[in-house]
Each structure stands twice: as C-alpha cells, then as structure tokens.
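S.K.: First, the structure itself, so that you have it in front of you.
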Amino acid sequence: MSVVDLRISWLGRVNFADALALQEDFVARKREQPDAPDEILLLEHESVYTIGRTPDKTSLLGTAHLPHPLFAINRGGQATYHGPGQLMGYPIVDLRRCGQDLHRYLRWLEQTLIEFLARYEISAEQRQGLTGVWVGNRKIASIGVGVRHWITMHGFALNVCGDLSPFAHIVPCGISNVTMTSIEKETGKAIAVVDVARAFENFVRDKLRDLRCDQEAHAVSQ
C-alpha cells in the first residue's frame, strides 16, 4: 500500500450519523477532485451497533433486545458495536492510486494496526480467513470497509479501554464465541482514546516519512 499525500484529523467524540454524513461529504469531494489528499478521520462514538450490506442478519440475534441504536451501513461484514473507549479510524482513500485492490487494502489496514500495537508491547496478528486484528484468540480490532468509485469509507475500530459488555448482545462480526479485548485489558494500564489517537497519528506520519525517504532513495539510485 502506497499512501503518501495523507491528512490525519482527530475529531473527538462524534455522533455516528454525523460521522457518516461527514464521510459521505469527503467521498463526494474526492470524486470531484481526484487530486485531493487522502484522509484518515480519527474519532470516538457514542454507543451504537452497525451491520453491513448483507441479507444475513443473524449476527444481530434480533433487534428488540439491543440497548443502543442500530445503523445499517454500506460496508461489508456482520454486526459490530462502537462506543466510548474505542478508537474509530475512517480512511478516505482513493484506491485508484493504489492498484484498485480491496483485498490488499484490508491487509494493509490490519498490518498497520499490528505494527502500531507493537508499540504497546502487544503481540497482535492476522487470522487466516478472518478480517480484523487478534491477540491470540481475542479480537482487539474490527475492520469493515465500504468503497464507492474506488474511494474508501468506514475502516477500523480499535478497542482501547472501557466497557466491552455491549458486544455480548450480538455475535460480533458473525464469529461465534469470540472474546473481545482492548489495549487496556492486554497491558493492564489505564489509557485514554485521545492519547492512542495521537500516538496513531504520529505512527502513521512516521511510516509516511519512511516511505517518502525510500521512494526518494530509489529515484536517486536509478
């Protein structure tokens, strides 16, 4: 994945519907202005459930029992929960610049989160056939992406701290008996979403700086 011209913004706590509208605006703008920089929106939500564009709704276990609002959205995947203590990352990326390869993009998101979590001494990994990031058999980050005209929206949800019990009202991502975990649970240290957001921003900027240096060195050697 080669994303160089990228802006990263921490938006704080944002209502889910407002964040969805904001993503739609960014996608429409990028379609009209192909040279506009890619974006990563970092934020946190009040408690909601979401489910992707699938006729199979069994992961919701029905809807009457859900303690928080439900949004059906244009991403892949089954039901999940978003709420306080979770860092949401919404990359608005033009995949036409990156080979138009959605599978590669998903693996790039996973690998980026794995490398980032290593900074907290968390040994995370991918799991064959499952989208997301895992620590052993515990899931620490969920990933669900929507694409319009090869421009991405939605993205990742990284569990940082706080209450994970709302996941018990659904089958998270359609995976039975999955255990959800967080940075706080894995490290045993209190940590705030805003601090993880800032650390993630710095991490991505470091990766982009290294990428630019590698590209410049390659250009000079030719």
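Each chain in the structure tokens gets a letter, A, B and so on, in the order shown; residues start at 1 in every chain, and ligands are counted from 1 in the order they appear.
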Go through segment 56-192 of chain A and collect every residue that DSSP, computed from the backbone, puts in helix (DSSP H, G or I); the answer should be as a count of residues only.
M.R.: 38
S.K.: Residues near Ile73 of chain A, anyone? I mean within 12 Å using only C-alpha atoms, not counting same-chain ones fewer than 2 positions away, as an mmCIF file with all heavy atoms, in the first residue's frame.
M.R.:
data_model
loop_
_atom_site.group_PDB
_atom_site.id
_atom_site.type_symbol
_atom_site.label_atom_id
_atom_site.label_comp_id
_atom_site.auth_asym_id
_atom_site.auth_seq_id
_atom_site.Cartn_x
_atom_site.Cartn_y
_atom_site.Cartn_z
ATOM 1 N N PHE A 16 -22.653 9.127 15.551
ATOM 2 C CA PHE A 16 -22.424 8.237 14.424
ATOM 3 C C PHE A 16 -23.041 8.769 13.136
ATOM 4 O O PHE A 16 -22.413 8.731 12.069
ATOM 5 C CB PHE A 16 -22.966 6.838 14.712
ATOM 6 C CG PHE A 16 -22.622 5.843 13.648
ATOM 7 C CD1 PHE A 16 -21.401 5.190 13.664
ATOM 8 C CD2 PHE A 16 -23.497 5.579 12.605
ATOM 9 C CE1 PHE A 16 -21.047 4.288 12.663
ATOM 10 C CE2 PHE A 16 -23.166 4.675 11.603
ATOM 11 C CZ PHE A 16 -21.940 4.036 11.634
ATOM 12 N N ALA A 17 -24.275 9.265 13.200
ATOM 13 C CA ALA A 17 -24.932 9.773 11.991
ATOM 14 C C ALA A 17 -24.169 10.955 11.409
ATOM 15 O O ALA A 17 -24.037 11.084 10.181
ATOM 16 C CB ALA A 17 -26.369 10.170 12.310
ATOM 17 N N LEU A 20 -21.074 9.637 9.681
ATOM 18 C CA LEU A 20 -21.433 9.012 8.411
ATOM 19 C C LEU A 20 -21.636 10.074 7.331
ATOM 20 O O LEU A 20 -21.143 9.938 6.205
ATOM 21 C CB LEU A 20 -22.694 8.170 8.590
ATOM 22 C CG LEU A 20 -23.143 7.322 7.404
ATOM 23 C CD1 LEU A 20 -22.053 6.335 6.995
ATOM 24 C CD2 LEU A 20 -24.431 6.584 7.750
ATOM 25 N N ALA A 21 -22.342 11.149 7.675
ATOM 26 C CA ALA A 21 -22.559 12.239 6.717
ATOM 27 C C ALA A 21 -21.235 12.898 6.335
ATOM 28 O O ALA A 21 -21.037 13.264 5.164
ATOM 29 C CB ALA A 21 -23.520 13.265 7.312
ATOM 30 N N GLN A 23 -18.262 11.471 6.247
ATOM 31 C CA GLN A 23 -17.570 10.585 5.313
ATOM 32 C C GLN A 23 -18.152 10.708 3.903
ATOM 33 O O GLN A 23 -17.417 10.739 2.912
ATOM 34 C CB GLN A 23 -17.687 9.133 5.780
ATOM 35 C CG GLN A 23 -16.890 8.814 7.035
ATOM 36 C CD GLN A 23 -17.054 7.348 7.376
ATOM 37 O OE1 GLN A 23 -16.425 6.481 6.781
ATOM 38 N NE2 GLN A 23 -17.913 7.065 8.335
ATOM 39 N N GLU A 24 -19.478 10.750 3.820
ATOM 40 C CA GLU A 24 -20.125 10.895 2.513
ATOM 41 C C GLU A 24 -19.657 12.164 1.819
ATOM 42 O O GLU A 24 -19.397 12.167 0.605
ATOM 43 C CB GLU A 24 -21.651 10.913 2.686
ATOM 44 C CG GLU A 24 -22.249 9.651 3.284
ATOM 45 C CD GLU A 24 -22.493 8.570 2.248
ATOM 46 O OE1 GLU A 24 -22.078 8.736 1.093
ATOM 47 O OE2 GLU A 24 -23.107 7.556 2.614
ATOM 48 N N TYR A 49 -24.781 0.149 17.405
ATOM 49 C CA TYR A 49 -24.492 -1.077 16.679
ATOM 50 C C TYR A 49 -24.578 -0.786 15.191
ATOM 51 O O TYR A 49 -25.382 0.053 14.755
ATOM 52 C CB TYR A 49 -25.481 -2.185 17.046
ATOM 53 C CG TYR A 49 -25.368 -2.643 18.480
ATOM 54 C CD1 TYR A 49 -26.206 -2.128 19.460
ATOM 55 C CD2 TYR A 49 -24.413 -3.583 18.849
ATOM 56 C CE1 TYR A 49 -26.097 -2.535 20.779
ATOM 57 C CE2 TYR A 49 -24.302 -4.007 20.167
ATOM 58 C CZ TYR A 49 -25.137 -3.469 21.129
ATOM 59 O OH TYR A 49 -25.016 -3.878 22.432
ATOM 60 N N THR A 50 -23.769 -1.469 14.405
ATOM 61 C CA THR A 50 -23.859 -1.335 12.952
ATOM 62 C C THR A 50 -23.833 -2.722 12.321
ATOM 63 O O THR A 50 -23.319 -3.680 12.907
ATOM 64 C CB THR A 50 -22.700 -0.498 12.365
ATOM 65 O OG1 THR A 50 -21.465 -1.232 12.464
ATOM 66 C CG2 THR A 50 -22.566 0.837 13.072
ATOM 67 N N ILE A 51 -24.392 -2.800 11.128
ATOM 68 C CA ILE A 51 -24.315 -4.035 10.346
ATOM 69 C C ILE A 51 -24.133 -3.651 8.883
ATOM 70 O O ILE A 51 -24.621 -2.599 8.433
ATOM 71 C CB ILE A 51 -25.560 -4.930 10.539
ATOM 72 C CG1 ILE A 51 -25.302 -6.317 9.918
ATOM 73 C CG2 ILE A 51 -26.825 -4.270 9.998
ATOM 74 C CD1 ILE A 51 -26.288 -7.374 10.350
ATOM 75 N N GLY A 52 -23.397 -4.477 8.157
ATOM 76 C CA GLY A 52 -23.080 -4.182 6.772
ATOM 77 C C GLY A 52 -24.174 -4.617 5.812
ATOM 78 O O GLY A 52 -25.260 -5.064 6.210
ATOM 79 N N ARG A 53 -23.862 -4.484 4.533
ATOM 80 C CA ARG A 53 -24.844 -4.773 3.476
ATOM 81 C C ARG A 53 -24.891 -6.283 3.225
ATOM 82 O O ARG A 53 -24.261 -6.813 2.333
ATOM 83 C CB ARG A 53 -24.473 -4.026 2.194
ATOM 84 C CG ARG A 53 -23.032 -4.196 1.761
ATOM 85 C CD ARG A 53 -22.704 -3.393 0.514
ATOM 86 N NE ARG A 53 -21.364 -3.722 0.060
ATOM 87 C CZ ARG A 53 -20.257 -3.183 0.533
ATOM 88 N NH1 ARG A 53 -20.340 -2.248 1.461
ATOM 89 N NH2 ARG A 53 -19.074 -3.543 0.069
ATOM 90 N N THR A 54 -25.639 -6.971 4.028
ATOM 91 C CA THR A 54 -25.774 -8.419 3.922
ATOM 92 C C THR A 54 -27.216 -8.808 4.200
ATOM 93 O O THR A 54 -27.849 -8.223 5.110
ATOM 94 C CB THR A 54 -24.840 -9.156 4.910
ATOM 95 O OG1 THR A 54 -25.127 -10.544 4.874
ATOM 96 C CG2 THR A 54 -25.015 -8.635 6.327
ATOM 97 N N LEU A 70 -29.250 1.067 16.189
ATOM 98 C CA LEU A 70 -28.681 0.226 15.142
ATOM 99 C C LEU A 70 -28.668 0.995 13.832
ATOM 100 O O LEU A 70 -29.660 1.617 13.458
ATOM 101 C CB LEU A 70 -29.511 -1.050 14.976
ATOM 102 C CG LEU A 70 -29.182 -1.945 13.774
ATOM 103 C CD1 LEU A 70 -27.787 -2.548 13.920
ATOM 104 C CD2 LEU A 70 -30.242 -3.022 13.606
ATOM 105 N N PHE A 71 -27.515 0.933 13.126
ATOM 106 C CA PHE A 71 -27.372 1.541 11.807
ATOM 107 C C PHE A 71 -26.994 0.458 10.804
ATOM 108 O O PHE A 71 -26.031 -0.285 11.025
ATOM 109 C CB PHE A 71 -26.280 2.613 11.807
ATOM 110 C CG PHE A 71 -26.647 3.880 12.535
ATOM 111 C CD1 PHE A 71 -26.557 3.953 13.919
ATOM 112 C CD2 PHE A 71 -27.077 4.994 11.836
ATOM 113 C CE1 PHE A 71 -26.882 5.117 14.596
ATOM 114 C CE2 PHE A 71 -27.410 6.162 12.504
ATOM 115 C CZ PHE A 71 -27.313 6.225 13.887
ATOM 116 N N ARG A 75 -21.028 -1.019 4.305
ATOM 117 C CA ARG A 75 -19.732 -1.684 4.436
ATOM 118 C C ARG A 75 -19.953 -3.171 4.326
ATOM 119 O O ARG A 75 -21.087 -3.656 4.341
ATOM 120 C CB ARG A 75 -19.080 -1.362 5.788
ATOM 121 C CG ARG A 75 -19.874 -1.835 7.000
ATOM 122 C CD ARG A 75 -19.022 -1.959 8.231
ATOM 123 N NE ARG A 75 -19.781 -2.231 9.439
ATOM 124 C CZ ARG A 75 -20.221 -3.414 9.825
ATOM 125 N NH1 ARG A 75 -20.015 -4.474 9.072
ATOM 126 N NH2 ARG A 75 -20.892 -3.573 10.957
ATOM 127 N N GLY A 76 -18.888 -3.919 4.218
ATOM 128 C CA GLY A 76 -19.001 -5.354 4.276
ATOM 129 C C GLY A 76 -19.085 -5.819 5.723
ATOM 130 O O GLY A 76 -18.762 -5.079 6.654
ATOM 131 N N GLY A 77 -19.547 -7.037 5.917
ATOM 132 C CA GLY A 77 -19.452 -7.633 7.240
ATOM 133 C C GLY A 77 -20.747 -7.661 8.030
ATOM 134 O O GLY A 77 -21.754 -7.078 7.658
ATOM 135 N N GLN A 78 -20.668 -8.352 9.157
ATOM 136 C CA GLN A 78 -21.794 -8.573 10.035
ATOM 137 C C GLN A 78 -21.860 -7.492 11.123
ATOM 138 O O GLN A 78 -21.222 -6.449 11.008
ATOM 139 C CB GLN A 78 -21.674 -9.971 10.642
ATOM 140 C CG GLN A 78 -21.902 -11.094 9.648
ATOM 141 C CD GLN A 78 -23.372 -11.270 9.300
ATOM 142 O OE1 GLN A 78 -24.266 -10.793 10.004
ATOM 143 N NE2 GLN A 78 -23.632 -11.967 8.200
ATOM 144 N N ALA A 79 -22.607 -7.777 12.162
ATOM 145 C CA ALA A 79 -22.864 -6.782 13.204
ATOM 146 C C ALA A 79 -21.633 -6.531 14.064
ATOM 147 O O ALA A 79 -20.837 -7.434 14.330
ATOM 148 C CB ALA A 79 -24.016 -7.244 14.086
ATOM 149 N N THR A 80 -21.502 -5.287 14.504
ATOM 150 C CA THR A 80 -20.480 -4.949 15.488
ATOM 151 C C THR A 80 -20.987 -3.805 16.358
ATOM 152 O O THR A 80 -22.069 -3.249 16.119
ATOM 153 C CB THR A 80 -19.141 -4.591 14.825
ATOM 154 O OG1 THR A 80 -18.111 -4.595 15.833
ATOM 155 C CG2 THR A 80 -19.183 -3.221 14.157
ATOM 156 N N GLY A 144 -14.163 -2.965 8.792
ATOM 157 C CA GLY A 144 -15.246 -3.052 7.816
ATOM 158 C C GLY A 144 -15.154 -1.858 6.886
ATOM 159 O O GLY A 144 -15.088 -0.719 7.348
ATOM 160 N N VAL A 145 -15.138 -2.111 5.607
ATOM 161 C CA VAL A 145 -14.850 -1.064 4.625
ATOM 162 C C VAL A 145 -15.975 -0.982 3.594
ATOM 163 O O VAL A 145 -16.513 -2.003 3.169
ATOM 164 C CB VAL A 145 -13.505 -1.360 3.919
ATOM 165 C CG1 VAL A 145 -13.273 -0.397 2.755
ATOM 166 C CG2 VAL A 145 -12.357 -1.263 4.915
ATOM 167 N N GLY A 146 -16.301 0.246 3.204
ATOM 168 C CA GLY A 146 -17.171 0.493 2.067
ATOM 169 C C GLY A 146 -16.366 1.180 0.978
ATOM 170 O O GLY A 146 -15.421 1.918 1.272
ATOM 171 N N VAL A 147 -16.714 0.935 -0.273
ATOM 172 C CA VAL A 147 -15.995 1.530 -1.400
ATOM 173 C C VAL A 147 -16.999 2.077 -2.410
ATOM 174 O O VAL A 147 -17.946 1.371 -2.795
ATOM 175 C CB VAL A 147 -15.077 0.500 -2.101
ATOM 176 C CG1 VAL A 147 -14.368 1.132 -3.289
ATOM 177 C CG2 VAL A 147 -14.058 -0.064 -1.125
ATOM 178 N N MET A 153 -14.476 4.257 2.507
ATOM 179 C CA MET A 153 -15.033 4.884 3.708
ATOM 180 C C MET A 153 -15.183 3.800 4.775
ATOM 181 O O MET A 153 -14.873 2.633 4.530
ATOM 182 C CB MET A 153 -16.360 5.583 3.411
ATOM 183 C CG MET A 153 -17.440 4.703 2.830
ATOM 184 S SD MET A 153 -18.903 5.635 2.280
ATOM 185 C CE MET A 153 -19.466 6.373 3.830
ATOM 186 N N HIS A 154 -15.630 4.210 5.961
ATOM 187 C CA HIS A 154 -15.596 3.333 7.137
ATOM 188 C C HIS A 154 -14.131 2.919 7.373
ATOM 189 O O HIS A 154 -13.228 3.636 6.958
ATOM 190 C CB HIS A 154 -16.545 2.157 6.980
ATOM 191 C CG HIS A 154 -17.945 2.582 6.650
ATOM 192 N ND1 HIS A 154 -18.700 3.375 7.483
ATOM 193 C CD2 HIS A 154 -18.712 2.359 5.542
ATOM 194 C CE1 HIS A 154 -19.870 3.609 6.924
ATOM 195 N NE2 HIS A 154 -19.905 3.012 5.744
#
S.K.: Please tabulate, as a Markdown table, the residues of segment 87-111 of chain A that come within 12 Å of segment 126-129 of chain A, each with its closest pair of atoms and the distance in Å to one decimal, counting only C-alpha atoms and ordering rows by chain, then residue number upward.
M.R.:
| residue | atom | partner | partner_atom | distance |
| --- | --- | --- | --- | --- |
| A:His103 | CA | A:Gly129 | CA | 11.6 |
| A:Leu106 | CA | A:Gln126 | CA | 10.8 |
| A:Arg107 | CA | A:Gln126 | CA | 8.5 |
| A:Trp108 | CA | A:Gln126 | CA | 10.8 |
| A:Leu109 | CA | A:Gln126 | CA | 10.6 |
| A:Glu110 | CA | A:Gln126 | CA | 6.9 |
| A:Gln111 | CA | A:Gln126 | CA | 7.8 |
S.K.: Take the residues from that selection and put them in a file with N, CA, C and O atoms, as a compact mmCIF listing (two decimals), in the first residue's frame.
M.R.:
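Saved as again34.txt:
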# COMPACT_ATOMS: atom_id res chain seq x y z
N HIS A 103 -8.61 -6.25 -1.40
CA HIS A 103 -8.00 -7.25 -0.52
C HIS A 103 -6.67 -6.73 0.04
O HIS A 103 -6.40 -6.83 1.24
N LEU A 106 -7.31 -4.09 2.73
CA LEU A 106 -7.71 -4.65 4.02
C LEU A 106 -6.51 -5.21 4.78
O LEU A 106 -6.37 -5.00 5.99
N ARG A 107 -5.63 -5.91 4.06
CA ARG A 107 -4.44 -6.47 4.72
C ARG A 107 -3.52 -5.34 5.19
O ARG A 107 -2.84 -5.46 6.21
N TRP A 108 -3.47 -4.24 4.43
CA TRP A 108 -2.66 -3.08 4.84
C TRP A 108 -3.19 -2.48 6.13
O TRP A 108 -2.41 -2.13 7.03
N LEU A 109 -4.52 -2.34 6.26
CA LEU A 109 -5.10 -1.84 7.50
C LEU A 109 -4.73 -2.75 8.66
O LEU A 109 -4.34 -2.26 9.74
N GLU A 110 -4.88 -4.05 8.48
CA GLU A 110 -4.53 -4.99 9.55
C GLU A 110 -3.07 -4.88 9.94
O GLU A 110 -2.74 -4.80 11.13
N GLN A 111 -2.18 -4.86 8.96
CA GLN A 111 -0.75 -4.81 9.25
C GLN A 111 -0.37 -3.51 9.93
O GLN A 111 0.48 -3.49 10.83
S.K.: Can you tell me, as a ChimeraX atom specification, what residues are no more than 12 Å from Tyr81 of chain A when counting only C-alpha atoms, ignoring any on the same chain fewer than 2 positions away?
M.R.: /A:16,45-52,59-60,66-71,78-79,83-88,141-144,156-159,163-174,180
S.K.: At a cut-off of 9 Å, using only C-alpha atoms, what residues contact His149 of chain A? Leave out same-chain residues fewer than 3 positions from it and give the result as JSON, numbers by chain.
M.R.: {"A": [31, 94, 95, 96, 152]}
S.K.: Give me the residues within 12 Å of Glu184 of chain A as an mmCIF file with N, CA and C atoms, in the first residue's frame, counting only C-alpha atoms and dropping any in the same chain fewer than 3 places off.
M.R.:
data_model
loop_
_atom_site.group_PDB
_atom_site.id
_atom_site.type_symbol
_atom_site.label_atom_id
_atom_site.label_comp_id
_atom_site.auth_asym_id
_atom_site.auth_seq_id
_atom_site.Cartn_x
_atom_site.Cartn_y
_atom_site.Cartn_z
ATOM 1 N N GLY A 85 -14.451 4.533 24.437
ATOM 2 C CA GLY A 85 -13.320 3.652 24.703
ATOM 3 C C GLY A 85 -12.778 2.986 23.461
ATOM 4 N N GLN A 86 -13.386 3.280 22.318
ATOM 5 C CA GLN A 86 -12.972 2.657 21.064
ATOM 6 C C GLN A 86 -12.486 3.746 20.108
ATOM 7 N N LEU A 117 0.222 -1.636 17.426
ATOM 8 C CA LEU A 117 0.032 -2.265 18.736
ATOM 9 C C LEU A 117 1.339 -2.774 19.323
ATOM 10 N N TYR A 120 2.818 -0.831 22.064
ATOM 11 C CA TYR A 120 2.281 -1.055 23.418
ATOM 12 C C TYR A 120 2.690 -2.430 23.940
ATOM 13 N N GLU A 121 3.645 -3.050 23.248
ATOM 14 C CA GLU A 121 4.135 -4.386 23.587
ATOM 15 C C GLU A 121 3.009 -5.418 23.539
ATOM 16 N N ILE A 122 2.103 -5.224 22.584
ATOM 17 C CA ILE A 122 1.020 -6.178 22.330
ATOM 18 C C ILE A 122 1.365 -6.929 21.053
ATOM 19 N N ILE A 140 -9.066 -7.624 19.037
ATOM 20 C CA ILE A 140 -8.802 -6.293 19.570
ATOM 21 C C ILE A 140 -9.199 -5.190 18.590
ATOM 22 N N LEU A 158 -10.648 0.142 16.904
ATOM 23 C CA LEU A 158 -9.629 -0.406 17.803
ATOM 24 C C LEU A 158 -10.102 -0.236 19.243
ATOM 25 N N ASN A 159 -10.258 -1.355 19.942
ATOM 26 C CA ASN A 159 -10.695 -1.302 21.341
ATOM 27 C C ASN A 159 -9.541 -0.819 22.211
ATOM 28 N N VAL A 160 -9.741 0.318 22.839
ATOM 29 C CA VAL A 160 -8.697 0.925 23.671
ATOM 30 C C VAL A 160 -8.949 0.643 25.145
ATOM 31 N N CYS A 161 -10.141 0.955 25.625
ATOM 32 C CA CYS A 161 -10.436 0.842 27.056
ATOM 33 C C CYS A 161 -11.953 0.757 27.227
ATOM 34 N N GLY A 162 -12.393 0.719 28.453
ATOM 35 C CA GLY A 162 -13.813 0.833 28.724
ATOM 36 C C GLY A 162 -14.572 -0.481 28.664
ATOM 37 N N ASP A 163 -15.903 -0.338 28.622
ATOM 38 C CA ASP A 163 -16.831 -1.460 28.754
ATOM 39 C C ASP A 163 -16.985 -2.201 27.428
ATOM 40 N N LEU A 164 -16.683 -3.486 27.425
ATOM 41 C CA LEU A 164 -16.847 -4.320 26.235
ATOM 42 C C LEU A 164 -18.120 -5.169 26.291
ATOM 43 N N MET A 180 -13.740 -10.438 23.011
ATOM 44 C CA MET A 180 -13.219 -9.125 22.660
ATOM 45 C C MET A 180 -12.241 -8.663 23.736
ATOM 46 N N THR A 181 -11.207 -7.985 23.306
ATOM 47 C CA THR A 181 -10.218 -7.460 24.247
ATOM 48 C C THR A 181 -9.885 -6.022 23.873
ATOM 49 N N THR A 187 -2.637 -4.737 28.413
ATOM 50 C CA THR A 187 -1.469 -4.132 29.071
ATOM 51 C C THR A 187 -1.651 -3.967 30.582
ATOM 52 N N GLY A 188 -2.913 -3.968 31.040
ATOM 53 C CA GLY A 188 -3.181 -3.723 32.450
ATOM 54 C C GLY A 188 -2.956 -2.284 32.859
ATOM 55 N N LYS A 189 -2.916 -1.384 31.886
ATOM 56 C CA LYS A 189 -2.655 0.031 32.166
ATOM 57 C C LYS A 189 -3.816 0.889 31.686
ATOM 58 N N ALA A 190 -4.193 1.878 32.497
ATOM 59 C CA ALA A 190 -5.239 2.812 32.100
ATOM 60 C C ALA A 190 -4.746 3.660 30.935
ATOM 61 N N ILE A 191 -5.601 3.850 29.937
ATOM 62 C CA ILE A 191 -5.191 4.581 28.750
ATOM 63 C C ILE A 191 -6.413 5.260 28.145
ATOM 64 N N ALA A 192 -6.226 6.460 27.608
ATOM 65 C CA ALA A 192 -7.324 7.239 27.045
ATOM 66 C C ALA A 192 -7.324 7.143 25.527
ATOM 67 N N VAL A 193 -8.507 7.190 24.943
ATOM 68 C CA VAL A 193 -8.634 7.115 23.485
ATOM 69 C C VAL A 193 -7.880 8.259 22.818
ATOM 70 N N VAL A 196 -4.240 7.447 22.485
ATOM 71 C CA VAL A 196 -3.982 6.444 21.448
ATOM 72 C C VAL A 196 -4.155 7.068 20.067
#
S.K.: Apply DSSP to the structure's backbone, then extract all residues of segment 3-185 of chain A labelled strand (DSSP E or B) and return them as a PyMOL selection string.
M.R.: chain A and resi 6-13+38-44+48-51+70-72+80-82+86-92+94+125-127+130-135+138-148+151-159+179-180
S.K.: Please report the interatomic distance between atom CA of Glu44 of chain A and atom CA of Gly12 of chain A in Å with one decimal.
M.R.: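 Spanning atom CA of Glu44 of chain A to atom CA of Gly12 of chain A is a straight-line distance of 5.9 Å.
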S.K.: Counting only C-alpha atoms, which of A:Ser176, A:Gly155, A:Tyr90, A:Arg29 gets nearest to Leu61 of chain A?
M.R.: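 Among the listed residues, A:Ser176 lies closest to Leu61 of chain A.
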S.K.: With only C-alpha atoms as the atoms that count, which of A:Pro91, A:Asp5, A:Arg205, A:Asp18 lies nearest to Glu39 of chain A?
M.R.: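 Among the listed residues, A:Pro91 lies closest to Glu39 of chain A.
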S.K.: With distances taken over only C-alpha atoms, which of A:Val93, A:Leu42, A:Val178, A:Leu11 is nearest to Ala199 of chain A?
M.R.: A:Leu42
S.K.: Atom CA of Lys30 of chain A and atom CA of Ile114 of chain A, how far apart in Å?
M.R.: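 It comes out at 28.2 Å.
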S.K.: Identify which of the residues A:Trp134, A:Phe200, A:Trp10, A:Trp150 lies closest to Glu186 of chain A, counting only C-alpha atoms when measuring atom-to-atom distances.
M.R.: A:Trp134
S.K.: Between A:Val133, A:Ile175, A:Ile92, A:Arg104, which is the closest to Val27 of chain A once you count only C-alpha atoms?
M.R.: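 Counting only C-alpha atoms, the residue closest to Val27 of chain A is A:Ile92.
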S.K.: Between A:Leu41, A:Ala19, A:Ala72, A:Ile183, which one has atoms that come closest to Phe116 of chain A, using only C-alpha atoms?
M.R.: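 Closest to Phe116 of chain A of all the choices is A:Ile183.
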